[in-house]
file structure_1.cif (mmCIF, C-alpha atoms)
data_start
loop_
_atom_site.label_atom_id
_atom_site.label_comp_id
_atom_site.auth_asym_id
_atom_site.auth_seq_id
_atom_site.Cartn_x
_atom_site.Cartn_y
_atom_site.Cartn_z
CA MET A 1 64.83 16.01 -99.64
CA VAL A 2 67.49 13.35 -100.15
CA GLU A 3 68.12 14.69 -103.63
CA ASP A 4 68.58 18.20 -102.22
CA LYS A 5 71.07 16.94 -99.64
CA LEU A 6 73.01 15.14 -102.35
CA LEU A 7 72.98 18.26 -104.54
CA ILE A 8 74.27 20.39 -101.68
CA TRP A 9 76.97 17.83 -100.92
CA LYS A 10 78.07 18.01 -104.56
CA LEU A 11 77.84 21.81 -104.60
CA ARG A 12 80.11 22.02 -101.57
CA ARG A 13 82.68 20.14 -103.61
CA GLY A 14 82.30 22.71 -106.39
CA SER A 15 80.01 20.84 -108.80
CA LYS A 16 78.53 23.13 -111.43
CA ASP A 17 75.99 20.50 -112.46
CA ALA A 18 74.58 20.43 -108.94
CA LEU A 19 74.32 24.21 -108.94
CA SER A 20 72.49 24.32 -112.25
CA ARG A 21 70.14 21.55 -111.06
CA ILE A 22 69.28 23.49 -107.87
CA TYR A 23 68.82 26.65 -109.89
CA GLU A 24 66.53 24.97 -112.45
CA LYS A 25 64.53 23.28 -109.71
CA TYR A 26 63.75 26.33 -107.57
CA ARG A 27 64.13 29.30 -109.92
CA ASP A 28 60.50 29.56 -111.05
CA ASP A 29 59.02 29.05 -107.59
CA MET A 30 61.28 31.69 -106.07
CA LEU A 31 60.45 34.15 -108.84
CA ARG A 32 56.73 33.51 -108.32
CA ILE A 33 57.04 34.11 -104.57
CA ALA A 34 59.13 37.26 -105.02
CA ALA A 35 56.81 38.63 -107.69
CA GLY A 36 53.79 37.91 -105.47
CA LEU A 37 55.35 39.58 -102.44
CA LEU A 38 56.71 42.65 -104.20
CA ASN A 39 54.43 43.20 -107.21
CA GLU A 40 57.42 44.56 -109.07
CA ALA A 41 59.19 42.46 -111.66
CA ASP A 42 62.55 44.21 -111.38
CA ALA A 43 62.73 44.04 -107.60
CA ALA A 44 61.58 40.41 -107.62
CA GLU A 45 64.25 39.45 -110.16
CA ASP A 46 66.95 41.26 -108.20
CA ILE A 47 65.95 39.58 -104.96
CA VAL A 48 65.93 36.08 -106.44
CA HIS A 49 69.30 36.71 -108.07
CA ASP A 50 70.67 37.98 -104.76
CA VAL A 51 69.35 34.95 -102.90
CA PHE A 52 70.99 32.52 -105.32
CA VAL A 53 74.28 34.42 -105.26
CA THR A 54 74.30 34.48 -101.45
CA PHE A 55 73.47 30.78 -101.41
CA VAL A 56 76.39 29.97 -103.74
CA ARG A 57 78.79 32.14 -101.71
CA SER A 58 77.85 30.40 -98.48
CA ALA A 59 77.61 26.92 -100.01
CA ARG A 60 80.90 25.79 -98.44
CA GLU A 61 79.69 26.36 -94.89
CA PHE A 62 76.04 25.62 -95.62
CA GLN A 63 74.40 22.98 -93.41
CA LEU A 64 70.92 21.92 -94.51
CA THR A 65 68.74 21.20 -91.49
CA GLY A 66 65.27 21.51 -93.07
CA SER A 67 64.29 21.59 -96.72
CA LEU A 68 66.18 23.58 -99.33
CA ARG A 69 62.91 25.00 -100.64
CA GLY A 70 62.08 26.26 -97.16
CA TYR A 71 65.52 27.83 -96.81
CA LEU A 72 65.37 29.62 -100.16
CA THR A 73 61.75 30.71 -99.56
CA THR A 74 62.70 32.17 -96.18
CA CYS A 75 65.61 34.04 -97.78
CA VAL A 76 63.32 35.48 -100.46
CA ALA A 77 60.67 36.43 -97.88
CA ASN A 78 63.24 38.14 -95.62
CA LYS A 79 64.75 40.11 -98.46
CA ALA A 80 61.30 41.10 -99.76
CA ARG A 81 60.29 42.28 -96.29
CA ASN A 82 63.47 44.33 -95.92
CA LEU A 83 62.87 45.93 -99.29
CA ASN A 84 59.26 46.70 -98.38
CA ARG A 85 60.36 48.31 -95.11
CA ALA A 86 62.94 50.41 -96.96
CA LYS A 87 60.27 51.51 -99.43
CA PHE A 88 57.89 52.36 -96.61
CA ARG A 89 60.53 54.66 -95.12
CA GLN A 90 61.05 56.32 -98.48
CA ARG A 91 57.32 56.98 -98.88
CA THR A 92 57.55 60.08 -96.69
CA VAL A 93 58.79 61.96 -99.78
CA ASN A 94 55.96 63.36 -101.89
CA LEU A 95 55.51 61.23 -104.98
CA ASN A 96 55.08 64.30 -107.18
CA GLU A 97 58.55 65.44 -106.20
CA THR A 98 60.26 62.27 -107.23
CA GLY A 99 61.28 61.16 -110.70
CA PRO A 100 60.13 57.98 -112.43
CA MET A 101 60.72 54.81 -110.39
CA ALA A 102 63.33 52.33 -111.57
CA SER A 103 60.69 49.67 -112.10
CA ASN A 104 58.84 51.85 -114.59
CA LEU A 105 61.87 52.19 -116.81
CA LYS A 106 62.12 49.75 -119.66
CA ARG A 107 64.96 47.29 -119.27
CA PRO A 108 66.67 45.55 -122.19
CA GLU A 109 65.98 42.03 -120.90
CA GLN A 110 63.35 40.98 -118.39
CA TRP A 111 63.61 37.72 -116.54
CA ILE A 112 59.92 37.18 -115.75
CA ILE A 113 57.59 37.16 -118.73
CA TYR A 114 54.16 38.06 -117.41
CA ASN A 115 50.99 36.77 -118.99
CA GLU A 116 47.52 38.16 -118.32
CA GLU A 117 46.46 35.61 -115.68
CA PHE A 118 49.67 36.04 -113.68
CA ARG A 119 49.42 39.82 -113.88
CA GLN A 120 45.80 39.68 -112.69
CA LEU A 121 46.74 37.52 -109.74
CA ASN A 122 49.64 39.80 -108.80
CA ASN A 123 47.43 42.87 -109.01
CA ALA A 124 44.95 41.21 -106.66
CA MET A 125 47.82 40.27 -104.32
CA ALA A 126 49.03 43.87 -104.31
CA ARG A 127 45.76 44.95 -102.69
CA LEU A 128 46.27 42.69 -99.64
CA PRO A 129 48.07 43.92 -96.50
CA TYR A 130 51.68 42.71 -96.53
CA GLU A 131 51.36 40.29 -93.59
CA GLN A 132 48.29 38.61 -95.09
CA LYS A 133 49.93 38.44 -98.50
CA GLU A 134 53.04 36.89 -97.00
CA ALA A 135 51.03 34.28 -95.10
CA VAL A 136 49.07 33.31 -98.22
CA ILE A 137 52.06 33.19 -100.57
CA LEU A 138 54.44 31.43 -98.21
CA HIS A 139 51.86 28.78 -97.33
CA ILE A 140 50.51 28.12 -100.81
CA GLN A 141 53.45 28.86 -103.09
CA GLY A 142 56.33 28.35 -100.67
CA ARG A 143 54.67 25.24 -99.17
CA MET A 144 55.72 26.41 -95.73
CA LYS A 145 53.91 25.29 -92.60
CA PHE A 146 51.99 27.83 -90.51
CA ARG A 147 54.42 27.16 -87.67
CA GLU A 148 57.37 28.11 -89.89
CA ILE A 149 55.60 31.26 -91.12
CA ALA A 150 54.84 32.18 -87.51
CA GLN A 151 58.55 31.86 -86.67
CA LEU A 152 59.41 34.04 -89.66
CA GLN A 153 56.89 36.74 -88.78
CA GLU A 154 57.61 36.37 -85.05
CA THR A 155 53.97 35.89 -84.09
CA SER A 156 51.76 33.04 -82.92
CA VAL A 157 50.43 30.32 -85.18
CA LYS A 158 46.86 31.49 -84.48
CA THR A 159 47.65 34.97 -85.79
CA ILE A 160 49.16 33.50 -88.93
CA LEU A 161 46.09 31.30 -89.42
CA SER A 162 43.77 34.27 -89.16
CA ARG A 163 45.98 36.35 -91.48
CA TYR A 164 45.92 33.50 -93.98
CA ARG A 165 42.13 33.15 -93.73
CA TYR A 166 41.50 36.91 -94.07
CA GLY A 167 43.95 37.15 -96.96
CA LEU A 168 42.42 34.27 -98.84
CA ASN A 169 38.87 35.66 -98.37
CA LYS A 170 39.92 39.09 -99.53
CA LEU A 171 41.73 37.64 -102.52
CA ARG A 172 38.64 35.63 -103.43
CA SER A 173 36.41 38.69 -103.25
CA ILE A 174 38.87 40.76 -105.34
CA LEU A 175 39.21 38.07 -108.00
CA ASN A 176 35.45 37.43 -108.08
CA GLY A 177 34.84 41.19 -108.40
CA GLU A 178 37.23 41.35 -111.35
CA MET A 179 35.59 38.34 -112.96
CA THR A 180 32.08 39.86 -112.72
CA LYS A 181 33.21 43.23 -114.15
CA MET B 1 32.18 32.49 -107.76
CA LYS B 2 35.77 31.41 -107.35
CA GLN B 3 36.15 28.69 -104.77
CA GLU B 4 38.98 28.59 -102.25
CA LYS B 5 40.38 25.49 -103.92
CA ASN B 6 40.52 27.23 -107.29
CA ILE B 7 42.26 30.25 -105.82
CA LYS B 8 44.85 28.03 -104.17
CA LYS B 9 45.35 26.22 -107.46
CA LEU B 10 45.69 29.53 -109.29
CA ILE B 11 48.30 30.79 -106.82
CA ARG B 12 50.25 27.54 -106.83
CA ASN B 13 50.27 27.09 -110.59
CA ALA B 14 50.32 30.73 -111.58
CA PRO B 15 51.42 30.56 -115.20
CA MET B 16 54.76 32.27 -115.39
CA LYS B 17 57.50 32.10 -118.00
CA THR B 18 61.09 33.19 -117.77
CA ASN B 19 63.44 34.62 -120.34
CA SER B 20 65.87 31.85 -121.32
CA LYS B 21 68.64 34.34 -122.16
CA VAL B 22 68.42 35.93 -118.73
CA ASN B 23 68.25 32.47 -117.16
CA GLU B 24 71.52 31.59 -118.82
CA ALA B 25 73.13 34.89 -117.83
CA VAL B 26 72.10 34.41 -114.19
CA LEU B 27 73.40 30.84 -114.20
CA ASN B 28 76.73 32.03 -115.64
CA SER B 29 77.00 34.64 -112.92
CA LEU B 30 76.36 31.91 -110.35
CA PHE B 31 79.10 29.77 -111.90
CA TYR B 32 81.43 32.75 -111.69
CA GLU B 33 80.57 33.17 -108.00
CA LEU B 34 81.19 29.47 -107.41
CA ASP B 35 84.63 29.67 -109.03
CA LYS B 36 85.43 32.78 -107.04
CA SER B 37 84.44 31.16 -103.75
CA LYS B 38 86.53 28.09 -104.66
CA LYS B 39 89.61 30.27 -105.22
CA ALA B 40 88.96 32.27 -102.07
CA ASP B 41 88.61 29.05 -100.11
CA LEU B 42 91.96 27.79 -101.34
CA ALA B 43 93.61 31.11 -100.49
CA ILE B 44 92.18 31.04 -96.99
CA SER B 45 92.91 27.39 -96.24
CA ARG B 46 96.62 27.54 -97.19
CA PRO B 47 97.95 30.01 -94.63
CA SER B 48 95.58 28.90 -91.90
CA ILE B 49 97.57 25.70 -91.22
CA TRP B 50 100.79 27.66 -91.10
CA ARG B 51 99.22 30.23 -88.77
CA VAL B 52 98.04 27.50 -86.42
CA VAL B 53 101.57 26.10 -86.26
CA ILE B 54 103.21 29.48 -85.75
CA LYS B 55 100.79 30.94 -83.21
CA SER B 56 100.68 28.13 -80.67
CA ARG B 57 103.91 27.21 -78.85
CA MET B 58 102.80 23.65 -78.19
CA VAL B 59 101.82 23.07 -81.81
CA LYS B 60 105.20 24.48 -82.87
CA PHE B 61 107.01 21.91 -80.69
CA ALA B 62 104.77 19.12 -81.84
CA ALA B 63 105.34 20.03 -85.49
CA ALA B 64 109.11 20.10 -84.95
CA ILE B 65 109.03 16.66 -83.27
CA VAL B 66 106.92 15.23 -86.10
CA ILE B 67 109.32 16.59 -88.72
CA ILE B 68 112.40 15.20 -86.88
CA ALA B 69 110.71 11.82 -86.41
CA ALA B 70 109.79 11.71 -90.09
CA ILE B 71 113.39 12.46 -91.12
CA CYS B 72 114.77 9.80 -88.73
CA LEU B 73 112.29 7.23 -89.96
CA PHE B 74 113.17 7.99 -93.56
CA PHE B 75 116.90 7.60 -92.97
CA THR B 76 116.61 4.39 -90.95
CA HIS B 77 114.30 2.85 -93.54
CA TYR B 78 116.54 3.98 -96.40
CA SER B 79 119.74 2.60 -94.80
CA ARG B 80 118.02 -0.72 -94.01
CA ASP B 81 116.94 -1.05 -97.63
CA ARG B 82 120.48 -0.39 -98.79
CA GLN B 83 121.85 -2.99 -96.36
CA ILE B 84 119.46 -5.64 -97.70
CA GLU B 85 120.43 -4.82 -101.28
CA THR B 86 124.17 -5.06 -100.56
CA SER B 87 123.76 -8.32 -98.61
CA LYS B 88 121.91 -9.84 -101.57
CA ILE B 89 124.68 -8.84 -103.94
CA THR B 90 127.38 -10.25 -101.65
CA GLN B 91 125.38 -13.45 -101.13
CA ILE B 92 125.38 -14.06 -104.87
CA SER B 93 128.98 -13.01 -105.48
CA GLU B 94 130.18 -15.19 -102.59
CA LEU B 95 129.52 -18.22 -104.78
CA LYS B 96 132.45 -17.72 -106.97
CA THR B 97 132.81 -20.61 -109.33
CA PRO B 98 130.27 -21.38 -112.07
CA ALA B 99 130.10 -24.94 -110.84
CA LYS B 100 129.05 -23.76 -107.41
CA LEU B 101 126.59 -21.29 -108.88
CA THR B 102 124.82 -24.00 -110.89
CA SER B 103 124.88 -26.65 -108.18
CA LEU B 104 121.57 -28.08 -107.01
CA ILE B 105 121.88 -26.66 -103.49
CA SER B 106 122.68 -23.12 -104.58
CA LEU B 107 119.93 -23.18 -107.20
CA ASN B 108 117.51 -24.42 -104.58
CA SER B 109 118.44 -21.67 -102.15
CA ALA B 110 118.21 -19.07 -104.95
CA PHE B 111 114.74 -20.31 -105.79
CA ARG B 112 113.72 -20.00 -102.15
CA ARG B 113 115.20 -16.53 -101.93
CA GLY B 114 113.68 -14.97 -105.04
CA GLY B 115 111.83 -17.57 -107.15
CA MET B 116 112.56 -18.27 -110.82
CA GLU B 117 113.91 -14.77 -111.29
CA ALA B 118 116.72 -15.38 -108.82
CA VAL B 119 117.53 -18.76 -110.44
CA GLU B 120 117.71 -17.10 -113.86
CA LYS B 121 119.97 -14.38 -112.46
CA GLN B 122 122.26 -16.99 -110.98
CA PHE B 123 122.44 -18.81 -114.31
CA ALA B 124 123.23 -15.55 -116.08
CA GLU B 125 126.02 -14.84 -113.63
CA ALA B 126 127.47 -18.33 -114.11
CA GLU B 127 127.38 -17.82 -117.88
CA GLN B 128 129.16 -14.49 -117.52
CA LYS B 129 131.85 -16.08 -115.39
CA ILE B 130 132.37 -18.89 -117.92
CA ASN B 131 132.71 -16.38 -120.76
CA ARG B 132 135.11 -14.28 -118.67
CA GLY B 133 137.25 -17.33 -117.98
CA SER B 134 137.67 -18.39 -121.62
CA LYS B 135 139.72 -15.90 -123.51
CA LYS B 136 137.94 -16.38 -126.84
CA CYS B 137 134.46 -17.54 -127.60
CA ILE B 138 134.15 -20.83 -129.50
CA THR B 139 131.64 -20.84 -132.33
CA THR B 140 129.62 -23.93 -133.31
CA GLU B 141 131.70 -24.48 -136.51
CA GLN B 142 134.96 -24.37 -134.53
CA MET B 143 133.55 -26.84 -132.05
CA LEU B 144 132.51 -29.22 -134.87
CA CYS B 145 135.99 -28.89 -136.45
CA GLU B 146 137.59 -29.73 -133.14
CA LEU B 147 135.40 -32.80 -132.90
CA GLY B 148 136.61 -33.81 -136.44
CA GLN B 149 133.31 -33.28 -138.18
CA CYS B 150 134.44 -30.70 -140.79
#
call {"tool": "encode", "arguments": {"input": "structure_1.cif", "output": "structure tokens"}}
result
Amino acid sequence: MVEDKLLIWKLRRGSKDALSRIYEKYRDDMLRIAAGLLNEADAAEDIVHDVFVTFVRSAREFQLTGSLRGYLTTCVANKARNLNRAKFRQRTVNLNETGPMASNLKRPEQWIIYNEEFRQLNNAMARLPYEQKEAVILHIQGRMKFREIAQLQETSVKTILSRYRYGLNKLRSILNGEMTK
Amino acid sequence: MKQEKNIKKLIRNAPMKTNSKVNEAVLNSLFYELDKSKKADLAISRPSIWRVVIKSRMVKFAAAIVIIAAICLFFTHYSRDRQIETSKITQISELKTPAKLTSLISLNSAFRRGGMEAVEKQFAEAEQKINRGSKKCITTEQMLCELGQC
């Protein structure tokens, strides 16, 4: 916490070392969260890149009130939710009528290198409803409190708790089912 | 059967690697953004002060008063410095004869005024005056001859 405040103080004075330290510290966690929320490597990479760029652009006026992890996690979660909403609107078009999706195209360089365990976990996550998935990921990976997640999702803490519990149970049953196959 | 604890552990420590080349490229793009925001900040901050001065009538008056006061202060300070310098010069040149310059009282006052540096200056001036007074310089050999040693 103190280290983060110091890093932000340095960043506001234009320190590149502070920026690279923040980036190294939170890069992997943010990628994990984005990948878990979106189940698409390309979209997750774009979102994390966007979040860091926005953070750097607003660094001069940035005032850290909570934790930096919480701030970045909230940014990633908001952007992921917006993207999901946009995709949901686009779903009205028949899939047979559309061409191949951007995420299916092979890119020259990929940021996230998936291994089997991570892919398995993400596939299981993809089968959860978005709200449950968000509650599980933000609490476990983002280390956010239920109260903070409730503020983000604009619901009560009880609802978030039940979403988290349902999500975790469903995830357990999916993973156990895959293990027994 | 996977326990809740294990699932939490799996989610938290999901093994994930990143491409180091892309990492570097992203970091470079962030550095570029940082430089850009620095330049933009400088560009914004420069005219903002000027705009504040120009837009408000009160600030305009205040700025004008500050500038005039600064100029007055500079001139008064500068003229006072010059006065002190000239008075020092006249103080030294007032003591005209070398004998007066090297007298105990004048040396004492010089020491009080400016320490050993002032005393040395006074000595140097006395020496100059002695040399100016004698039309030709006497060498050591000439002096010995005059004393009947050669």
call {"tool": "resolve_selection", "arguments": {"input": "structure_1.cif", "expression": "the PyMOL selection byres ((chain A) within 10 of (chain B))", "output": "number ranges by chain"}}
result
A: 11-17, 19-20, 23-24, 27-29, 31-33, 36, 49, 52-60, 109-119, 121-122, 125, 136-137, 139-143, 168-169, 171-173, 175-177, 179-180
call {"tool": "atom_distance", "arguments": {"input": "structure_1.cif", "atom1": "CA of Gly66 in chain A", "atom2": "CA of Asp50 in chain A"}}
result
20.9 Å
call {"tool": "atom_distance", "arguments": {"input": "structure_1.cif", "atom1": "CA of Thr73 in chain A", "atom2": "CA of Ala40 in chain B"}}
result
27.4 Å
call {"tool": "closest_residue", "arguments": {"input": "structure_1.cif", "among": "A:Ile8, A:Val2, A:Ile174, A:Val51", "to": "Gln120 in chain A", "atoms": "all atoms listed in the file"}}
result
A:Ile174
call {"tool": "atom_distance", "arguments": {"input": "structure_1.cif", "atom1": "CA of Gly167 in chain A", "atom2": "CA of Asp42 in chain A"}}
result
24.6 Å
call {"tool": "closest_residue", "arguments": {"input": "structure_1.cif", "among": "A:Ala80, A:Leu37, A:Met1, A:Ala18", "to": "Asn123 in chain A", "atoms": "all atoms listed in the file"}}
result
A:Leu37
call {"tool": "resolve_selection", "arguments": {"input": "structure_1.cif", "expression": "the PyMOL selection byres ((chain A and resi 164) around 8)", "output": "ChimeraX atom specification"}}
result
/A:132-133,135-136,160-163,165-168
call {"tool": "resolve_selection", "arguments": {"input": "structure_1.cif", "expression": "the PyMOL selection byres ((chain B and resi 122) around 8)", "output": "ChimeraX atom specification"}}
result
/B:92,101-102,107,110,118-121,123-126
